[in-house]
>>> print(open('model_25.cif').read())   # mmCIF, C-alpha atoms
data_upload
loop_
_atom_site.label_atom_id
_atom_site.label_comp_id
_atom_site.auth_asym_id
_atom_site.auth_seq_id
_atom_site.Cartn_x
_atom_site.Cartn_y
_atom_site.Cartn_z
CA MET A 1 35.36 300.63 84.90
CA GLU A 2 34.37 303.78 86.76
CA ILE A 3 30.64 303.03 86.19
CA ARG A 4 31.04 299.51 87.54
CA LEU A 5 32.85 300.85 90.59
CA PHE A 6 30.12 303.43 91.21
CA VAL A 7 27.38 300.80 90.93
CA GLY A 8 29.23 298.47 93.29
CA VAL A 9 29.65 301.21 95.88
CA ALA A 10 25.97 302.14 95.56
CA VAL A 11 24.90 298.53 96.08
CA LEU A 12 27.22 298.22 99.06
CA LEU A 13 25.87 301.43 100.62
CA SER A 14 22.24 300.46 100.07
CA SER A 15 22.87 297.02 101.58
CA THR A 16 24.47 298.64 104.63
CA VAL A 17 21.53 301.03 105.10
CA LEU A 18 19.08 298.14 104.71
CA ALA A 19 20.98 296.04 107.27
CA ARG A 20 20.95 298.90 109.74
CA SER A 21 17.22 299.42 109.28
CA LEU A 22 16.25 295.79 109.76
CA PRO A 23 14.98 294.99 113.26
CA ILE A 24 17.01 292.78 115.55
CA LEU A 25 15.18 289.50 115.93
CA ALA A 26 15.16 287.32 119.00
CA ALA A 27 16.92 284.00 118.52
CA THR A 28 14.48 282.15 120.80
CA PRO A 29 10.75 282.25 120.08
CA ALA A 30 8.40 283.12 122.91
CA PRO A 31 7.01 280.19 124.91
CA LYS A 32 3.42 279.28 124.11
CA GLY A 33 1.00 281.78 125.61
CA TYR A 34 3.59 284.56 126.05
CA LEU A 35 3.68 287.92 124.28
CA ASP A 36 7.15 288.67 122.86
CA ALA A 37 8.11 292.12 124.18
CA SER A 38 10.52 292.61 121.25
CA LYS A 39 7.76 292.34 118.65
CA ILE A 40 5.09 294.82 119.69
CA ALA A 41 3.98 296.28 116.36
CA GLN A 42 3.83 299.90 117.47
CA ALA A 43 7.06 299.67 119.52
CA PRO A 44 9.49 296.98 118.30
CA PHE A 45 12.78 296.42 120.07
CA ASP A 46 15.25 299.25 119.53
CA PRO A 47 18.83 298.54 120.67
CA LYS A 48 19.41 302.25 121.28
CA ASP A 49 16.33 302.69 123.50
CA ALA A 50 14.20 299.67 124.42
CA THR A 51 12.01 301.57 126.89
CA GLY A 52 9.12 301.82 124.46
CA ALA A 53 9.14 298.11 123.68
CA LEU A 54 9.06 297.02 127.32
CA GLN A 55 6.54 299.66 128.34
CA ALA A 56 4.25 298.70 125.46
CA ALA A 57 4.40 295.08 126.60
CA MET A 58 3.42 296.07 130.15
CA LYS A 59 0.53 298.17 128.83
CA SER A 60 -0.67 295.49 126.41
CA GLY A 61 -2.90 293.73 128.92
CA ALA A 62 -1.22 290.39 128.16
CA ARG A 63 -1.04 288.10 131.17
CA LYS A 64 2.35 286.65 130.18
CA ILE A 65 5.29 288.66 128.80
CA TRP A 66 8.44 287.16 127.28
CA VAL A 67 11.61 289.27 127.31
CA PRO A 68 14.04 287.49 124.97
CA ASN A 69 17.81 287.64 124.82
CA MET A 70 18.47 289.94 121.87
CA GLY A 71 22.23 289.51 121.98
CA THR A 72 22.52 293.14 123.10
CA PRO A 73 21.25 294.88 126.28
CA TRP A 74 17.77 296.27 126.60
CA LEU A 75 18.70 299.90 127.33
CA ILE A 76 15.81 301.48 129.21
CA ASN A 77 14.62 304.41 131.25
CA THR A 78 12.03 303.74 133.97
CA VAL A 79 9.43 301.12 133.01
CA TRP A 80 6.19 300.99 135.00
CA LEU A 81 4.89 297.55 135.89
CA ALA A 82 1.24 296.55 135.51
CA SER A 83 -0.98 294.24 137.56
CA ASN A 84 -1.82 290.64 136.68
CA GLN A 85 1.29 289.94 134.62
CA ASP A 86 4.00 287.30 134.66
CA ILE A 87 7.20 288.68 133.12
CA LEU A 88 9.69 286.01 132.08
CA PHE A 89 13.24 287.07 131.18
CA GLU A 90 15.19 284.66 129.00
CA LYS A 91 18.52 283.39 130.29
CA GLY A 92 21.28 285.77 129.23
CA VAL A 93 19.05 288.85 128.99
CA VAL A 94 20.61 292.09 130.22
CA ILE A 95 18.30 294.98 131.15
CA GLU A 96 20.47 298.08 131.59
CA SER A 97 19.88 301.70 132.54
CA LYS A 98 20.08 303.86 129.43
CA PRO A 99 22.68 306.64 129.56
CA GLY A 100 20.99 310.01 129.38
CA SER A 101 18.41 312.27 130.91
CA GLY A 102 16.19 309.50 132.29
CA PHE A 103 18.66 308.98 135.12
CA HIS A 104 20.17 312.46 135.49
CA GLU A 105 18.29 313.12 138.75
CA ASP A 106 16.69 309.82 139.73
CA GLY A 107 15.07 306.92 137.90
CA GLN A 108 14.53 303.21 138.40
CA LEU A 109 14.61 300.27 136.02
CA PHE A 110 11.22 298.86 137.10
CA LYS A 111 8.66 300.65 139.23
CA GLY A 112 5.25 299.61 140.49
CA ALA A 113 2.58 301.12 142.74
CA SER A 114 -0.73 299.63 143.93
CA LEU A 115 -0.07 296.45 141.95
CA GLN A 116 -1.38 292.96 142.44
CA ASN A 117 -0.36 289.56 141.08
CA VAL A 118 2.95 290.43 139.41
CA THR A 119 5.89 288.09 138.82
CA LEU A 120 9.34 289.03 137.52
CA GLN A 121 11.31 285.86 136.88
CA GLY A 122 14.70 285.59 135.22
CA TYR A 123 17.04 282.76 136.12
CA GLY A 124 20.27 283.71 134.36
CA ALA A 125 19.01 287.21 133.50
CA THR A 126 20.63 290.44 134.73
CA LEU A 127 19.36 293.88 135.69
CA LYS A 128 22.26 296.31 135.51
CA MET A 129 22.58 300.01 136.28
CA ARG A 130 25.37 302.45 135.49
CA ARG A 131 26.88 303.50 138.79
CA ASP A 132 29.95 304.67 136.89
CA LEU A 133 27.87 307.26 135.05
CA PHE A 134 25.85 308.27 138.11
CA ALA A 135 29.04 309.05 140.03
CA SER A 136 30.67 310.94 137.18
CA GLY A 137 29.20 314.34 138.08
CA LYS A 138 27.19 316.70 135.88
CA PRO A 139 24.71 316.22 134.36
CA TYR A 140 24.14 313.32 136.79
CA GLN A 141 23.11 314.56 140.23
CA LEU A 142 23.83 312.86 143.52
CA SER A 143 20.95 310.54 144.47
CA GLU A 144 20.42 307.42 146.55
CA HIS A 145 17.08 306.56 144.90
CA ARG A 146 18.14 305.07 141.58
CA HIS A 147 16.78 301.63 142.48
CA ALA A 148 16.73 298.65 140.15
CA ILE A 149 13.24 297.59 141.32
CA VAL A 150 10.89 299.56 143.57
CA ILE A 151 7.46 298.36 144.68
CA TYR A 152 4.90 300.45 146.58
CA ALA A 153 1.65 299.39 148.28
CA SER A 154 1.30 296.19 146.26
CA LYS A 155 0.01 292.64 146.82
CA ASN A 156 1.31 289.27 145.68
CA VAL A 157 4.52 290.36 143.97
CA LYS A 158 7.19 287.76 143.21
CA ILE A 159 10.78 288.48 142.15
CA ARG A 160 12.69 285.31 141.26
CA GLY A 161 16.04 284.33 139.88
CA LEU A 162 17.40 287.73 138.83
CA THR A 163 20.95 289.01 139.16
CA ILE A 164 20.90 292.72 140.04
CA LYS A 165 24.20 294.58 139.62
CA ASP A 166 25.48 298.10 140.21
CA ALA A 167 22.20 299.67 141.33
CA GLY A 168 22.42 303.42 141.86
CA GLY A 169 20.32 303.11 145.03
CA ASP A 170 18.81 299.84 146.27
CA GLY A 171 18.78 296.60 144.38
CA ILE A 172 15.16 296.14 145.50
CA MET A 173 13.11 298.60 147.54
CA ILE A 174 9.84 297.52 149.18
CA GLY A 175 8.51 301.01 149.77
CA GLY A 176 5.74 302.66 151.75
CA MET A 177 4.30 305.27 149.35
CA THR A 178 2.12 306.79 152.12
CA HIS A 179 2.31 306.70 155.92
CA SER A 180 -0.38 304.03 156.15
CA SER A 181 0.17 301.97 152.99
CA TYR A 182 2.13 298.72 152.91
CA ASN A 183 3.04 295.81 150.67
CA LYS A 184 1.51 292.40 151.32
CA GLY A 185 2.68 289.00 150.17
CA VAL A 186 6.02 289.88 148.52
CA LEU A 187 8.42 287.04 147.66
CA ILE A 188 12.09 287.67 146.78
CA LYS A 189 13.70 284.33 145.94
CA ASP A 190 16.93 283.05 144.36
CA VAL A 191 18.29 286.53 143.62
CA LEU A 192 21.87 287.80 143.60
CA ILE A 193 22.27 291.50 144.38
CA THR A 194 25.79 292.90 144.23
CA ASN A 195 27.45 296.33 144.35
CA ALA A 196 24.31 298.31 145.17
CA TYR A 197 24.97 301.92 146.11
CA ARG A 198 22.67 302.15 149.17
CA ASN A 199 21.22 298.76 150.23
CA ALA A 200 20.80 295.43 148.52
CA ILE A 201 17.21 295.34 149.84
CA SER A 202 15.33 298.08 151.70
CA VAL A 203 12.04 297.31 153.44
CA ILE A 204 9.92 300.29 154.48
CA SER A 205 6.47 298.76 154.98
CA ALA A 206 5.49 295.14 154.41
CA GLU A 207 3.38 292.28 155.70
CA ASP A 208 4.07 288.65 154.77
CA LEU A 209 7.40 289.41 153.10
CA THR A 210 9.72 286.47 152.33
CA VAL A 211 13.36 286.76 151.29
CA ASP A 212 14.53 283.24 150.46
CA ASN A 213 17.88 282.00 149.13
CA ALA A 214 19.16 285.47 148.31
CA VAL A 215 22.83 286.40 147.97
CA LEU A 216 23.27 290.02 149.08
CA ILE A 217 26.86 291.15 148.74
CA ASN A 218 29.28 294.06 148.24
CA THR A 219 26.87 296.89 149.06
CA ASN A 220 28.82 300.17 149.22
CA GLY A 221 28.48 303.84 148.42
CA THR A 222 26.17 305.79 150.72
CA SER A 223 24.65 304.85 154.07
CA PRO A 224 23.24 302.55 155.26
CA GLN A 225 25.25 300.20 152.92
CA GLU A 226 23.57 297.00 154.15
CA GLY A 227 22.37 293.65 152.95
CA ILE A 228 18.80 294.16 154.22
CA ASP A 229 17.58 297.35 155.89
CA PHE A 230 14.21 297.21 157.69
CA GLU A 231 13.50 300.89 158.18
CA PRO A 232 9.88 302.12 158.41
CA ASP A 233 9.44 305.87 158.21
CA HIS A 234 6.23 306.25 160.21
CA GLU A 235 4.39 304.55 163.07
CA LYS A 236 1.44 303.65 160.80
CA GLN A 237 3.70 301.57 158.58
CA ARG A 238 4.51 297.97 159.44
CA ILE A 239 7.04 295.15 159.44
CA VAL A 240 4.79 292.16 160.11
CA ASN A 241 5.35 288.42 159.61
CA PHE A 242 8.53 288.62 157.55
CA THR A 243 10.86 285.71 156.81
CA VAL A 244 14.53 285.93 155.87
CA ARG A 245 15.92 282.46 155.31
CA ASN A 246 18.69 280.58 153.51
CA CYS A 247 20.42 283.86 152.59
CA VAL A 248 24.12 284.68 152.25
CA ILE A 249 24.75 288.26 153.38
CA MET A 250 28.40 289.24 153.10
CA ASN A 251 30.99 291.90 152.32
CA ASN A 252 28.53 294.75 152.81
CA LYS A 253 30.33 297.95 153.79
CA ARG A 254 28.38 298.49 157.00
CA LEU A 255 25.78 296.03 158.29
CA GLY A 256 24.47 292.65 157.29
CA ILE A 257 20.84 292.99 158.43
CA SER A 258 19.60 296.06 160.30
CA PHE A 259 16.46 297.21 162.11
CA PRO A 260 16.79 300.96 162.73
CA VAL A 261 13.08 301.04 163.57
CA SER A 262 12.76 304.37 165.33
CA GLY A 263 9.76 305.07 163.12
CA LEU A 264 7.82 302.38 165.02
CA LEU A 265 9.48 302.32 168.44
CA THR A 266 10.65 304.62 171.19
CA ALA A 267 12.71 303.96 174.29
CA THR A 268 9.75 304.73 176.58
CA LYS A 269 6.63 303.62 174.74
CA ARG A 270 8.46 301.04 172.65
CA GLU A 271 5.94 299.82 170.03
CA ARG A 272 3.74 302.66 168.85
CA GLY A 273 2.31 300.86 165.83
CA ILE A 274 1.71 297.22 164.96
CA PRO A 275 4.34 295.00 166.65
CA ILE A 276 7.23 293.89 164.46
CA THR A 277 7.14 290.12 163.89
CA GLY A 278 9.23 287.75 161.82
CA VAL A 279 12.09 285.27 161.68
CA ILE A 280 15.70 285.28 160.49
CA GLU A 281 16.78 281.69 160.01
CA ASN A 282 19.41 279.56 158.28
CA CYS A 283 21.39 282.54 157.03
CA THR A 284 25.14 282.99 156.72
CA ILE A 285 26.05 286.55 157.74
CA TYR A 286 29.73 286.94 156.92
CA ASN A 287 32.41 289.63 156.72
CA ASN A 288 30.15 292.67 156.96
CA GLY A 289 31.74 295.97 157.94
CA TYR A 290 34.30 295.38 155.24
CA HIS A 291 34.16 295.58 151.48
CA ALA A 292 35.54 293.10 149.01
CA TRP A 293 37.28 295.82 147.00
CA GLY A 294 38.84 297.67 149.92
CA GLY A 295 37.76 300.85 151.64
CA GLY A 296 38.78 300.10 155.21
CA VAL A 297 36.99 298.58 158.17
CA ASN A 298 33.85 299.91 159.86
CA LYS A 299 33.84 298.30 163.30
CA GLU A 300 31.33 300.76 164.73
CA TRP A 301 28.67 299.73 162.23
CA GLY A 302 30.00 296.42 160.99
CA ASP A 303 27.60 294.14 162.86
CA GLY A 304 26.16 291.04 161.30
CA LEU A 305 22.67 291.73 162.72
CA PHE A 306 21.75 295.03 164.35
CA MET A 307 18.50 295.92 166.13
CA LYS A 308 17.95 299.45 167.34
CA TRP A 309 15.53 298.14 169.97
CA HIS A 310 14.68 294.82 171.54
CA LEU A 311 12.10 293.21 169.21
CA ASP A 312 10.18 290.54 171.10
CA GLY A 313 8.41 289.26 168.00
CA VAL A 314 11.55 288.60 165.93
CA LYS A 315 13.08 285.13 166.15
CA VAL A 316 16.75 284.56 165.33
CA ARG A 317 17.74 280.93 164.85
CA ASN A 318 20.05 278.57 162.96
CA ASN A 319 22.30 281.34 161.60
CA LEU A 320 26.07 281.62 161.15
CA PHE A 321 27.65 284.92 162.23
CA VAL A 322 31.24 284.89 161.00
CA ASN A 323 34.08 287.44 160.74
CA ASN A 324 31.95 290.57 160.96
CA ALA A 325 33.89 293.75 161.78
CA GLY A 326 31.52 294.64 164.61
CA ALA A 327 29.53 292.21 166.75
CA GLY A 328 27.86 289.16 165.34
CA PHE A 329 24.51 290.25 166.83
CA LEU A 330 23.94 293.61 168.54
CA VAL A 331 20.75 294.91 170.17
CA ASP A 332 20.79 298.54 171.28
CA GLY A 333 18.22 297.91 174.01
CA TYR A 334 18.20 301.24 175.84
CA GLY A 335 17.99 299.80 179.34
CA ILE A 336 15.39 297.13 178.65
CA GLY A 337 16.02 294.53 181.32
CA ARG A 338 15.88 291.35 179.26
CA LEU A 339 17.96 290.03 176.43
CA GLN A 340 17.03 289.37 172.81
CA LYS A 341 18.35 285.86 172.28
CA ALA A 342 19.65 283.96 169.29
CA ASP A 343 18.96 280.22 169.31
CA PHE A 344 21.00 277.46 167.66
CA CYS A 345 23.32 280.00 166.05
CA ALA A 346 27.08 279.72 165.56
CA PHE A 347 29.48 282.64 166.09
CA TRP A 348 33.10 282.88 165.02
CA GLY A 349 35.65 285.64 164.52
CA ASN A 350 33.36 288.64 165.03
CA LYS A 351 35.70 291.46 165.99
CA GLN A 352 33.49 293.19 168.60
CA GLY A 353 32.15 290.03 170.21
CA ASP A 354 29.68 287.31 169.32
CA VAL A 355 26.76 289.17 170.91
CA ALA A 356 26.62 292.70 172.34
CA GLY A 357 24.25 295.15 173.99
CA GLN A 358 20.93 293.48 174.76
CA ALA A 359 21.63 290.52 172.50
CA GLY A 360 22.33 287.21 174.21
CA LEU A 361 23.05 283.58 173.52
CA GLY A 362 20.01 281.33 173.69
CA LYS A 363 19.55 277.59 173.31
CA GLY A 364 22.05 275.54 171.35
CA CYS A 365 24.51 278.28 170.37
CA VAL A 366 28.07 277.41 169.30
CA THR A 367 30.91 279.86 169.94
CA ASP A 368 34.04 277.68 169.84
CA ALA A 369 33.91 275.97 166.44
CA ASN A 370 35.18 277.47 163.20
CA PRO A 371 32.82 277.11 160.23
CA ILE A 372 34.93 276.17 157.22
CA PHE A 373 33.57 277.19 153.82
CA VAL A 374 34.45 275.43 150.56
CA SER A 375 34.59 278.77 148.74
CA THR A 376 33.77 282.42 149.42
CA ASP A 377 33.72 283.19 145.69
CA PRO A 378 30.13 283.87 144.50
CA ALA A 379 30.97 282.37 141.10
CA ALA A 380 32.04 279.04 142.59
CA PRO A 381 29.59 276.11 142.44
CA LEU A 382 29.97 275.44 146.17
CA PHE A 383 29.90 279.09 147.26
CA MET A 384 29.55 279.27 151.08
CA HIS A 385 28.83 275.55 151.38
CA LEU A 386 30.20 274.09 154.58
CA SER A 387 33.26 271.91 154.23
CA PRO A 388 33.03 268.34 155.57
CA LYS A 389 35.92 269.39 157.83
CA THR A 390 33.57 271.69 159.77
CA SER A 391 32.69 270.60 163.30
CA GLN A 392 29.56 268.50 163.65
CA ARG A 393 28.42 271.00 166.27
CA ILE A 394 27.72 273.21 163.26
CA THR A 395 26.90 270.66 160.56
CA THR A 396 24.28 268.98 162.76
CA GLY A 397 23.68 271.75 165.29
CA SER A 398 20.51 273.47 164.09
CA SER A 399 17.15 273.33 165.85
CA THR A 400 16.14 270.52 163.47
CA GLY A 401 19.41 268.57 163.74
CA SER A 402 20.58 269.78 160.33
CA TYR A 403 23.32 272.30 159.47
CA ILE A 404 23.51 275.84 160.83
CA GLY A 405 23.71 278.50 158.11
CA ALA A 406 22.55 279.01 154.55
CA ARG A 407 24.30 276.25 152.61
CA PRO A 408 24.59 272.54 153.33
CA VAL A 409 27.72 270.49 153.83
CA ALA A 410 29.51 269.75 150.55
CA ALA A 411 29.69 266.09 149.65
CA LYS A 412 33.07 264.53 150.28
CA GLY A 413 35.13 264.69 147.16
CA LYS A 414 33.67 268.09 146.28
CA LYS A 415 35.65 270.10 148.81
#
>>> encode(input="model_25.cif", output="structure tokens")
Amino acid sequence: MEIRLFVGVAVLLSSTVLARSLPILAATPAPKGYLDASKIAQAPFDPKDATGALQAAMKSGARKIWVPNMGTPWLINTVWLASNQDILFEKGVVIESKPGSGFHEDGQLFKGASLQNVTLQGYGATLKMRRDLFASGKPYQLSEHRHAIVIYASKNVKIRGLTIKDAGGDGIMIGGMTHSSYNKGVLIKDVLITNAYRNAISVISAEDLTVDNAVLINTNGTSPQEGIDFEPDHEKQRIVNFTVRNCVIMNNKRLGISFPVSGLLTATKRERGIPITGVIENCTIYNNGYHAWGGGVNKEWGDGLFMKWHLDGVKVRNNLFVNNAGAGFLVDGYGIGRLQKADFCAFWGNKQGDVAGQAGLGKGCVTDANPIFVSTDPAAPLFMHLSPKTSQRITTGSSTGSYIGARPVAAKGKK
């Protein structure tokens, strides 16, 4: 009886050890033509530290990388991106910052410099950082540079479909690297960035940047605490031919969109480098200067759109500015004698005025109609869609005769 018991225990223990040693296998095979990042021979997926597996995939030279849902997060330290790769994240994948020394002082989830032709696509996938650990004190040091994704001096980079949560710095940073370098042809589309510590998106130096259909919400922690911050550091950097469209920018602790562009402009000489050019269109800029989880009101900095100087080459049209704690649109023009105008925009409930400073109302603006939203809950199917009860001055008031703002009018019956 004792021998049988001993043998049974031994078999049980050996089975447990074997089960623990077996690799976790992806439930979904890689699409044809893709390299499965969980099955690199020299660096298979490890649920305790998946950095090696992802980094090996990036270094493999494969043009297409598949990151499957392993049923458990990919815990990683910084992974460096490589040129000429399409990275496809399966729906349900979670890429998470690994607790430990990799993020004690700094660290990003994905980092790239001097890249070209890179796509990160993950509809239904999540990049998640551990703000709770970063704020816990030693051994974690205070830092505002723990970004989820940072790109420097790169060309033709596309980021699509990702949810980015709890970044320890920016959700996405489009950096400068040097005083004269810049990114060209960056697309950020269909992303949700929430609860970033510094900014949802920071733009230091870029040409032909497009931010399309992004939801940038709940930024809070350390300044600037914005949805999008265009902030070049040096006059040789650039903000040229950008587009921000169809975006919902809300509940950020300070500003919705900001241009503190002192690095390129002065009050006397104004533009020292290449003129800033771009368009902000069909966005809903709502409830900035507050924070969804409390923390008071910041009327001084709670503007929907803030420009440090009058920017002749930036067009503002077809946007909703609603319930911001500061002004809807503020230009700090420093005595420049003409106004920066918004066209075909609607303003409602902004606590420090619809427009302020050197910002003015242009063609087709609406200031006396309340935009009614079906839901302000990001999880709702009709999040920030206009209710059919909204005035036609808004639902048909854009420069093209369509709706003003980021989301169309909900069909009747779907209110």
>>> residues_near_point(input="model_25.cif", point="(29.9, 287.6, 164.7)", cutoff="9 Å", atoms="all atoms listed in the file", output="JSON, numbers by chain")
{"A": [285, 286, 287, 303, 304, 305, 320, 321, 322, 323, 324, 325, 326, 327, 328, 329, 346, 347, 348, 349, 350, 351, 352, 353, 354, 355]}
>>> atom_distance(input="model_25.cif", atom1="atom CA of A:Leu162", atom2="atom CA of A:Tyr140")
26.5 Å
>>> resolve_selection(input="model_25.cif", expression="the PyMOL selection byres ((chain A and resi 339) around 9)", output="count of residues only")
13
>>> closest_atom_pairs(input="model_25.cif", of="stretch 86-144 of chain A", to="stretch 172-176 of chain A", cutoff="10 Å", atoms="all atoms listed in the file", output="tab-separated table")
residue	atom	partner	partner_atom	distance
A:Phe110	CA	A:Ile172	CA	9.7
A:Lys111	CA	A:Met173	CA	9.6
A:Gly112	CA	A:Gly175	CA	9.9
A:Ala113	CA	A:Gly175	CA	9.2
>>> residues_around(input="model_25.cif", residues="stretch 381-392 of chain A", least_positions_apart="5", cutoff="10 Å", atoms="all atoms listed in the file", output="CSV table (one decimal) with C-alpha atoms, in the frame of the given file")
chain,number,residue,atom,x,y,z
A,248,VAL,CA,24.1,284.7,152.2
A,284,THR,CA,25.1,283.0,156.7
A,286,TYR,CA,29.7,286.9,156.9
A,368,ASP,CA,34.0,277.7,169.8
A,369,ALA,CA,33.9,276.0,166.4
A,370,ASN,CA,35.2,277.5,163.2
A,371,PRO,CA,32.8,277.1,160.2
A,372,ILE,CA,34.9,276.2,157.2
A,373,PHE,CA,33.6,277.2,153.8
A,374,VAL,CA,34.4,275.4,150.6
A,375,SER,CA,34.6,278.8,148.7
A,376,THR,CA,33.8,282.4,149.4
A,397,GLY,CA,23.7,271.8,165.3
A,402,SER,CA,20.6,269.8,160.3
A,403,TYR,CA,23.3,272.3,159.5
A,404,ILE,CA,23.5,275.8,160.8
A,405,GLY,CA,23.7,278.5,158.1
A,406,ALA,CA,22.6,279.0,154.6
A,407,ARG,CA,24.3,276.2,152.6
A,408,PRO,CA,24.6,272.5,153.3
A,409,VAL,CA,27.7,270.5,153.8
A,410,ALA,CA,29.5,269.8,150.6
A,411,ALA,CA,29.7,266.1,149.6
A,412,LYS,CA,33.1,264.5,150.3
A,413,GLY,CA,35.1,264.7,147.2
A,414,LYS,CA,33.7,268.1,146.3
A,415,LYS,CA,35.6,270.1,148.8
>>> residues_around(input="model_25.cif", residues="A:Ser60", least_positions_apart="4", cutoff="12 Å", atoms="only C-alpha atoms", output="list in words")
Tyr34, Leu35, Asp36, Ala37, Lys39, Ile40, Ala41, Gln42, Ala43, Gly52, Ala53, Leu54, Gln55, Ala56, Lys64, Ile65, Leu81, Ala82, Ser83, Asn84 and Gln85 of chain A
>>> closest_residue(input="model_25.cif", among="A:Gln141, A:Ile188, A:Ala196, A:Glu231", to="A:Cys247", atoms="all atoms listed in the file")
A:Ile188
>>> decode(input="model_25.cif", residues="stretch 143-159 of chain A", atoms="N, CA and C atoms", output="PDB file, in the first residue's frame")
ATOM      1  N   SER A 143       9.526  59.196 -13.754  1.00  0.00           N
ATOM      2  CA  SER A 143       9.882  59.392 -15.157  1.00  0.00           C
ATOM      3  C   SER A 143       8.618  59.677 -15.943  1.00  0.00           C
ATOM      4  N   GLU A 144       8.733  60.515 -16.959  1.00  0.00           N
ATOM      5  CA  GLU A 144       7.616  60.770 -17.860  1.00  0.00           C
ATOM      6  C   GLU A 144       7.872  60.184 -19.245  1.00  0.00           C
ATOM      7  N   HIS A 145       8.872  59.300 -19.356  1.00  0.00           N
ATOM      8  CA  HIS A 145       9.293  58.788 -20.659  1.00  0.00           C
ATOM      9  C   HIS A 145       9.063  57.290 -20.822  1.00  0.00           C
ATOM     10  N   ARG A 146       8.207  56.726 -20.020  1.00  0.00           N
ATOM     11  CA  ARG A 146       7.863  55.312 -20.209  1.00  0.00           C
ATOM     12  C   ARG A 146       6.706  55.228 -21.211  1.00  0.00           C
ATOM     13  N   HIS A 147       7.037  55.382 -22.482  1.00  0.00           N
ATOM     14  CA  HIS A 147       6.018  55.429 -23.533  1.00  0.00           C
ATOM     15  C   HIS A 147       5.653  54.013 -23.985  1.00  0.00           C
ATOM     16  N   ALA A 148       4.439  53.850 -24.459  1.00  0.00           N
ATOM     17  CA  ALA A 148       4.057  52.554 -25.015  1.00  0.00           C
ATOM     18  C   ALA A 148       4.738  52.337 -26.367  1.00  0.00           C
ATOM     19  N   ILE A 149       4.686  53.349 -27.237  1.00  0.00           N
ATOM     20  CA  ILE A 149       5.350  53.283 -28.543  1.00  0.00           C
ATOM     21  C   ILE A 149       6.088  54.592 -28.759  1.00  0.00           C
ATOM     22  N   VAL A 150       7.362  54.523 -29.154  1.00  0.00           N
ATOM     23  CA  VAL A 150       8.098  55.727 -29.513  1.00  0.00           C
ATOM     24  C   VAL A 150       8.800  55.485 -30.844  1.00  0.00           C
ATOM     25  N   ILE A 151       8.674  56.460 -31.734  1.00  0.00           N
ATOM     26  CA  ILE A 151       9.252  56.374 -33.077  1.00  0.00           C
ATOM     27  C   ILE A 151      10.113  57.609 -33.306  1.00  0.00           C
ATOM     28  N   TYR A 152      11.345  57.406 -33.771  1.00  0.00           N
ATOM     29  CA  TYR A 152      12.256  58.500 -34.072  1.00  0.00           C
ATOM     30  C   TYR A 152      12.700  58.435 -35.539  1.00  0.00           C
ATOM     31  N   ALA A 153      12.688  59.576 -36.207  1.00  0.00           N
ATOM     32  CA  ALA A 153      13.346  59.756 -37.506  1.00  0.00           C
ATOM     33  C   ALA A 153      13.034  58.616 -38.471  1.00  0.00           C
ATOM     34  N   SER A 154      11.762  58.284 -38.612  1.00  0.00           N
ATOM     35  CA  SER A 154      11.369  57.123 -39.409  1.00  0.00           C
ATOM     36  C   SER A 154      10.403  57.522 -40.526  1.00  0.00           C
ATOM     37  N   LYS A 155      10.271  56.625 -41.518  1.00  0.00           N
ATOM     38  CA  LYS A 155       9.435  56.887 -42.687  1.00  0.00           C
ATOM     39  C   LYS A 155       8.433  55.752 -42.879  1.00  0.00           C
ATOM     40  N   ASN A 156       7.228  56.142 -43.232  1.00  0.00           N
ATOM     41  CA  ASN A 156       6.175  55.186 -43.585  1.00  0.00           C
ATOM     42  C   ASN A 156       5.923  54.196 -42.450  1.00  0.00           C
ATOM     43  N   VAL A 157       5.498  54.736 -41.325  1.00  0.00           N
ATOM     44  CA  VAL A 157       5.143  53.920 -40.162  1.00  0.00           C
ATOM     45  C   VAL A 157       3.633  54.017 -39.954  1.00  0.00           C
ATOM     46  N   LYS A 158       2.993  52.858 -39.787  1.00  0.00           N
ATOM     47  CA  LYS A 158       1.543  52.810 -39.594  1.00  0.00           C
ATOM     48  C   LYS A 158       1.233  52.094 -38.284  1.00  0.00           C
ATOM     49  N   ILE A 159       0.377  52.719 -37.481  1.00  0.00           N
ATOM     50  CA  ILE A 159      -0.083  52.131 -36.223  1.00  0.00           C
ATOM     51  C   ILE A 159      -1.605  52.096 -36.297  1.00  0.00           C
TER      52      ILE A 159
END
